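Participant: Starting off with a structure, shown below.
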2 protein chains.
Amino acid sequence: MRNLKLVIEYNGCHFYGWQKQEGKRTVQGELEKALSSLLNEAVCVEGSGRTDRGVHALGQVASCKTESIIPLKNIKGALNNLLPSDVRILKVTEENENFHARFSAKKKTYKYVVQVTGDRPALKSDFVAYYPFDVDLEKMREASKILIGKHNFKGFCCADTTVTDFEREIYDISIFKRNKIFTFYVTGNGFLYNMVRIIVGTLLDCGRGKLSFEDITLALVNGNRSLAGKTMPACGLYLKSVEYPADKA
Amino acid sequence: MRNLKLVIEYNGCHFYGWQKQEGKRTVQGELEKALSSLLNEAVCVEGSGRTDRGVHALGQVASCKTESIIPLKNIKGALNNLLPSDVRILKVTEENENFHARFSAKKKTYKYVVQVTGDRPALKSDFVAYYPFDVDLEKMREASKILIGKHNFKGFCCADTTVTDFEREIYDISIFKRNKIFTFYVTGNGFLYNMVRIIVGTLLDCGRGKLSFEDITLALVNGNRSLAGKTMPACGLYLKSVEYPADKA
């Protein structure tokens, strides 16, 4: 049995998210359709994690097992010919039998893009979020340090979740500004439901002076969702990359 | 009666085009809804022309009449608060009673963006078209000169049209290349249905060597749609600007 690793880019705009759902257009569904057709067998694709409706990916990772003997070098091109124009395979490699896109993942980085004040970016409405208040970049950078490290992120998770273990580790949060566009990169060992969108909302609310450093610390310590900032919309969010033990840094 | 001119940006991706249609989400429909609510009267909006489903605008122009006494300087902000995030008013001015977005228009410029060869731009699938063959930029620039001027563009019009006068004047076609991205700007006094998309398809087909300069001349002279190149998809097309007699160049 061969074990394939796929690196995937997609525009989340016309998908009901990553996860396969009966009667809905999803990334996992489109991938399984294309792979099953190419490999001539029923193929199950495992993603590194789900992305919600409207969330994009620059480097989602998926794995799948196959009995097919198709040469590795032919798979990427053939799959891209079968896939719709809004999802694209960037890379295909063959991994050992233990590799699993979700269970083997070591680190994930999400990118979040938001325009702060000014006229809303109508043309890019599916790719750039909007925040109507001026924010202080240095204050947000300072606030982000509170979140770095291993914490119980219950206060930064959508209340509507079945998860019971809320401990996650954030390795890094970087924030860049170019004109009115702020870009956040959040790297961690894993993320709870809506966690990146709530982290960005909390940092923005702090940057505009609505939340203090103490409020953020309290949201973290008390695990109370209502103490953190608002959940930013899906459109600004991109799953940038997923790292695995064997990957070079 | 006041006569307003609106300059509008939109992401065409989630609209069934410009023109109002019962039960469909259209740009004209959203604008009329927002204007009627703001001005507290039934407002009819006239666009400089229709754009198809999936076509974007950087500077569509519309006009509307109103009895409202709302100060001009308040209209843009108030409208933008009422409009959905994928359509945005860039500018509102008051014109004389004879101004009409369609009938007064003197020149229109469309922009077309296409990636030539390489992996399809999945993330930008709604904003950049794709052409799988290598093309010669200088050859396309040369071919574009054949189309400049006043011609009968029947051969460059979707067969499915009710128009009977096919004469249009093209003032300029400029083509730029940056890596694999080619950008076309086409300026004319007016355009037939699908005309820009067919012009770009014809120039690309010429650039790859599938059509000769003679083929393009023949398509123009004979008015036979089947002699011109293919119709490029809506996603790469942007209505860039509309000029009026009073506008400064």
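Note on naming: chains are A, B, ... as they come in the structure tokens, residues start from 1 per chain, ligands start from 1 in the order shown.
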For Asp172 (chain B), please output as a PyMOL selection string all residues within 10 Å (counting only C-alpha atoms; exclusion window: fewer than 2 positions along the same chain).

Facilitator: chain B and resi 109+144-145+147-149+169-170+174+185-188

Participant: Considering only C-alpha atoms, tabulate each residue of chain A that lies at most 10 Å from chain B along with its nearest interatomic pair and the corresponding distance in Å to one decimal; arrange the rows by chain and ascending residue number and present them as JSON lines.

Facilitator:
```
{"residue": "A:Ile8", "atom": "CA", "partner": "B:Ala122", "partner_atom": "CA", "distance": 9.4}
{"residue": "A:Glu9", "atom": "CA", "partner": "B:Ala122", "partner_atom": "CA", "distance": 6.4}
{"residue": "A:Tyr10", "atom": "CA", "partner": "B:Leu123", "partner_atom": "CA", "distance": 5.1}
{"residue": "A:Asn11", "atom": "CA", "partner": "B:Leu123", "partner_atom": "CA", "distance": 4.3}
{"residue": "A:Gly12", "atom": "CA", "partner": "B:Leu123", "partner_atom": "CA", "distance": 8.0}
{"residue": "A:Cys13", "atom": "CA", "partner": "B:Asp126", "partner_atom": "CA", "distance": 9.0}
{"residue": "A:His14", "atom": "CA", "partner": "B:His14", "partner_atom": "CA", "distance": 9.2}
{"residue": "A:His56", "atom": "CA", "partner": "B:Leu123", "partner_atom": "CA", "distance": 7.4}
{"residue": "A:Ala57", "atom": "CA", "partner": "B:Leu123", "partner_atom": "CA", "distance": 7.8}
{"residue": "A:Leu58", "atom": "CA", "partner": "B:Leu123", "partner_atom": "CA", "distance": 7.6}
{"residue": "A:Gly77", "atom": "CA", "partner": "B:Asp119", "partner_atom": "CA", "distance": 8.8}
{"residue": "A:Asn80", "atom": "CA", "partner": "B:Asp119", "partner_atom": "CA", "distance": 8.2}
{"residue": "A:Asn81", "atom": "CA", "partner": "B:Arg120", "partner_atom": "CA", "distance": 9.8}
{"residue": "A:Pro84", "atom": "CA", "partner": "B:Ala122", "partner_atom": "CA", "distance": 8.7}
{"residue": "A:Ser85", "atom": "CA", "partner": "B:Ala122", "partner_atom": "CA", "distance": 5.7}
{"residue": "A:Asp86", "atom": "CA", "partner": "B:Ala122", "partner_atom": "CA", "distance": 4.3}
{"residue": "A:Val87", "atom": "CA", "partner": "B:Ala122", "partner_atom": "CA", "distance": 5.1}
{"residue": "A:Arg88", "atom": "CA", "partner": "B:Ala122", "partner_atom": "CA", "distance": 5.6}
{"residue": "A:Ile89", "atom": "CA", "partner": "B:Asp119", "partner_atom": "CA", "distance": 8.6}
{"residue": "A:Leu90", "atom": "CA", "partner": "B:Asp119", "partner_atom": "CA", "distance": 8.0}
{"residue": "A:Asp119", "atom": "CA", "partner": "B:Arg88", "partner_atom": "CA", "distance": 7.7}
{"residue": "A:Arg120", "atom": "CA", "partner": "B:Ser85", "partner_atom": "CA", "distance": 6.8}
{"residue": "A:Pro121", "atom": "CA", "partner": "B:Asp86", "partner_atom": "CA", "distance": 7.7}
{"residue": "A:Ala122", "atom": "CA", "partner": "B:Asp86", "partner_atom": "CA", "distance": 4.3}
{"residue": "A:Leu123", "atom": "CA", "partner": "B:Asn11", "partner_atom": "CA", "distance": 4.3}
{"residue": "A:Lys124", "atom": "CA", "partner": "B:Asn11", "partner_atom": "CA", "distance": 6.8}
{"residue": "A:Ser125", "atom": "CA", "partner": "B:Asp86", "partner_atom": "CA", "distance": 5.3}
{"residue": "A:Asp126", "atom": "CA", "partner": "B:Asp86", "partner_atom": "CA", "distance": 7.9}
{"residue": "A:Phe127", "atom": "CA", "partner": "B:Leu123", "partner_atom": "CA", "distance": 9.3}
{"residue": "A:Ala129", "atom": "CA", "partner": "B:Ser85", "partner_atom": "CA", "distance": 9.5}
{"residue": "A:Tyr130", "atom": "CA", "partner": "B:Ser85", "partner_atom": "CA", "distance": 9.0}
```

Participant: Please report the interatomic distance between CA of Ile69 (chain A) and CA of Glu30 (chain A) in Å with one decimal.

Facilitator: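 Computed distance, CA of Ile69 (chain A) to CA of Glu30 (chain A), equals 21.8 Å.
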
Participant: Can you list every residue in region 80-231 of chain A that DSSP puts in strand (DSSP E), as a tab-separated table (two decimals) with N, CA and C atoms, in the first residue's frame?

Facilitator:
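Saved file selection_15.tsv follows:
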```
chain	number	residue	atom	x	y	z
A	87	VAL	N	-9.11	24.64	-6.83
A	87	VAL	CA	-8.29	23.82	-5.94
A	87	VAL	C	-7.15	23.24	-6.76
A	88	ARG	N	-5.97	23.29	-6.20
A	88	ARG	CA	-4.78	22.95	-6.97
A	88	ARG	C	-3.80	22.18	-6.10
A	89	ILE	N	-3.23	21.10	-6.67
A	89	ILE	CA	-2.20	20.33	-5.99
A	89	ILE	C	-0.86	21.02	-6.26
A	90	LEU	N	-0.14	21.38	-5.20
A	90	LEU	CA	1.16	22.03	-5.37
A	90	LEU	C	2.29	21.01	-5.38
A	91	LYS	N	2.09	19.88	-4.69
A	91	LYS	CA	3.18	18.93	-4.52
A	91	LYS	C	2.62	17.57	-4.12
A	92	VAL	N	3.20	16.53	-4.65
A	92	VAL	CA	2.83	15.16	-4.23
A	92	VAL	C	4.11	14.42	-3.89
A	93	THR	N	4.15	13.79	-2.71
A	93	THR	CA	5.31	12.98	-2.36
A	93	THR	C	4.82	11.64	-1.81
A	94	GLU	N	5.73	10.68	-1.77
A	94	GLU	CA	5.37	9.38	-1.22
A	94	GLU	C	6.01	9.28	0.16
A	95	GLU	N	5.23	8.93	1.15
A	95	GLU	CA	5.71	8.89	2.54
A	95	GLU	C	5.69	7.45	3.05
A	107	LYS	N	3.27	21.17	13.53
A	107	LYS	CA	3.08	22.62	13.59
A	107	LYS	C	2.18	23.05	12.45
A	108	LYS	N	1.35	24.05	12.75
A	108	LYS	CA	0.56	24.65	11.67
A	108	LYS	C	0.72	26.16	11.73
A	109	THR	N	0.73	26.79	10.57
A	109	THR	CA	0.75	28.25	10.54
A	109	THR	C	-0.46	28.75	9.76
A	110	TYR	N	-1.20	29.64	10.39
A	110	TYR	CA	-2.30	30.31	9.72
A	110	TYR	C	-1.91	31.77	9.47
A	111	LYS	N	-2.44	32.29	8.38
A	111	LYS	CA	-2.24	33.69	8.02
A	111	LYS	C	-3.61	34.36	8.09
A	112	TYR	N	-3.66	35.59	8.59
A	112	TYR	CA	-4.92	36.31	8.60
A	112	TYR	C	-4.69	37.72	8.05
A	113	VAL	N	-5.49	38.11	7.07
A	113	VAL	CA	-5.31	39.41	6.41
A	113	VAL	C	-6.54	40.29	6.65
A	114	VAL	N	-6.29	41.49	7.16
A	114	VAL	CA	-7.41	42.38	7.48
A	114	VAL	C	-7.07	43.83	7.12
A	115	GLN	N	-8.02	44.51	6.52
A	115	GLN	CA	-7.84	45.94	6.28
A	115	GLN	C	-8.44	46.71	7.44
A	116	VAL	N	-7.67	47.65	7.97
A	116	VAL	CA	-8.08	48.42	9.12
A	116	VAL	C	-8.48	49.83	8.67
A	129	ALA	N	-10.33	40.61	5.32
A	129	ALA	CA	-11.37	41.01	6.26
A	129	ALA	C	-11.28	42.52	6.48
A	130	TYR	N	-12.22	43.05	7.21
A	130	TYR	CA	-12.27	44.50	7.43
A	130	TYR	C	-12.50	44.78	8.91
A	131	TYR	N	-11.77	45.76	9.42
A	131	TYR	CA	-11.94	46.16	10.83
A	131	TYR	C	-12.03	47.68	10.82
A	149	GLY	N	3.00	30.33	24.06
A	149	GLY	CA	3.26	29.29	25.07
A	149	GLY	C	2.12	28.31	25.17
A	150	LYS	N	2.23	27.40	26.14
A	150	LYS	CA	1.23	26.36	26.34
A	150	LYS	C	0.16	26.88	27.29
A	151	HIS	N	-1.08	26.93	26.81
A	151	HIS	CA	-2.17	27.45	27.63
A	151	HIS	C	-3.44	26.63	27.40
A	152	ASN	N	-4.38	26.80	28.32
A	152	ASN	CA	-5.73	26.28	28.10
A	152	ASN	C	-6.46	27.39	27.33
A	167	GLU	N	-5.94	22.43	25.82
A	167	GLU	CA	-4.55	22.86	25.89
A	167	GLU	C	-3.91	22.83	24.49
A	168	ARG	N	-3.33	23.95	24.12
A	168	ARG	CA	-2.61	24.05	22.86
A	168	ARG	C	-1.38	24.90	23.12
A	169	GLU	N	-0.40	24.76	22.24
A	169	GLU	CA	0.80	25.59	22.39
A	169	GLU	C	0.95	26.50	21.17
A	170	ILE	N	1.07	27.80	21.45
A	170	ILE	CA	1.33	28.77	20.37
A	170	ILE	C	2.82	29.05	20.38
A	171	TYR	N	3.46	28.83	19.24
A	171	TYR	CA	4.90	29.05	19.15
A	171	TYR	C	5.24	30.49	18.77
A	172	ASP	N	4.41	31.05	17.92
A	172	ASP	CA	4.76	32.39	17.43
A	172	ASP	C	3.54	33.12	16.87
A	173	ILE	N	3.51	34.42	17.12
A	173	ILE	CA	2.53	35.30	16.45
A	173	ILE	C	3.30	36.49	15.90
A	174	SER	N	3.27	36.67	14.58
A	174	SER	CA	3.95	37.82	13.96
A	174	SER	C	2.89	38.69	13.30
A	175	ILE	N	3.07	39.98	13.41
A	175	ILE	CA	2.10	40.90	12.82
A	175	ILE	C	2.83	41.92	11.96
A	176	PHE	N	2.37	42.10	10.72
A	176	PHE	CA	2.98	43.05	9.80
A	176	PHE	C	1.93	44.02	9.30
A	177	LYS	N	2.40	45.21	8.96
A	177	LYS	CA	1.47	46.25	8.49
A	177	LYS	C	2.01	46.85	7.20
A	178	ARG	N	1.14	46.99	6.21
A	178	ARG	CA	1.52	47.69	4.99
A	178	ARG	C	0.34	48.55	4.61
A	181	ILE	N	-3.31	47.50	5.47
A	181	ILE	CA	-3.45	46.04	5.54
A	181	ILE	C	-2.56	45.45	6.63
A	182	PHE	N	-3.18	44.76	7.57
A	182	PHE	CA	-2.44	44.07	8.63
A	182	PHE	C	-2.46	42.57	8.35
A	183	THR	N	-1.29	41.93	8.46
A	183	THR	CA	-1.22	40.49	8.24
A	183	THR	C	-0.68	39.82	9.51
A	184	PHE	N	-1.41	38.84	9.97
A	184	PHE	CA	-1.05	38.09	11.17
A	184	PHE	C	-0.60	36.69	10.75
A	185	TYR	N	0.48	36.19	11.35
A	185	TYR	CA	0.87	34.79	11.18
A	185	TYR	C	0.85	34.15	12.56
A	186	VAL	N	0.09	33.09	12.72
A	186	VAL	CA	-0.03	32.42	14.02
A	186	VAL	C	0.42	30.97	13.84
A	187	THR	N	1.46	30.58	14.58
A	187	THR	CA	1.98	29.21	14.49
A	187	THR	C	1.79	28.49	15.81
A	188	GLY	N	1.28	27.27	15.74
A	188	GLY	CA	1.07	26.49	16.96
A	188	GLY	C	1.06	25.00	16.68
```

Participant: Taking 6 positions as the minimum chain separation for residues in the same chain, which residues sit within 9 Å of Arg25 (chain A) when counting only C-alpha atoms? Answer as a PyMOL selection string.

Facilitator: chain A and resi 14-17

Participant: For those residues, write C-alpha atoms to a file as a PDB file, in the first residue's frame.

Facilitator:
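And here's part.pdb as it stands now:
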```pdb
ATOM      1  CA  HIS A  14     -17.174  28.457  -3.272  1.00  0.00           C
ATOM      2  CA  PHE A  15     -16.649  25.511  -0.892  1.00  0.00           C
ATOM      3  CA  TYR A  16     -18.658  24.501   2.160  1.00  0.00           C
ATOM      4  CA  GLY A  17     -15.305  24.085   3.893  1.00  0.00           C
TER       5      GLY A  17
END
```

Participant: Identify, on the basis of only C-alpha atoms, every residue whose closest approach to Leu82 (chain A) does not exceed 9 Å; exclude the query and any residue fewer than 2 positions from it along the same chain; express the result as a list in words.

Facilitator: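 Those residues are Lys33, Ala34, Leu35, Ser37, Leu38, Gly77, Ala78, Leu79, Asn80 and Pro84 of chain A.
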
Participant: In Å, rounded to a single decimal, give me how far CA of Lys180 (chain B) is from CA of Ala143 (chain B).

Facilitator: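 So the two atoms, CA of Ala143 (chain B) and CA of Lys180 (chain B), lie 19.8 Å apart.
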
Participant: Rounded to one decimal, what separation in Å do you get between CA of Ala234 (chain B) and CA of Tyr193 (chain B)?

Facilitator: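 Distance reported for this atom pair: 11.9 Å.
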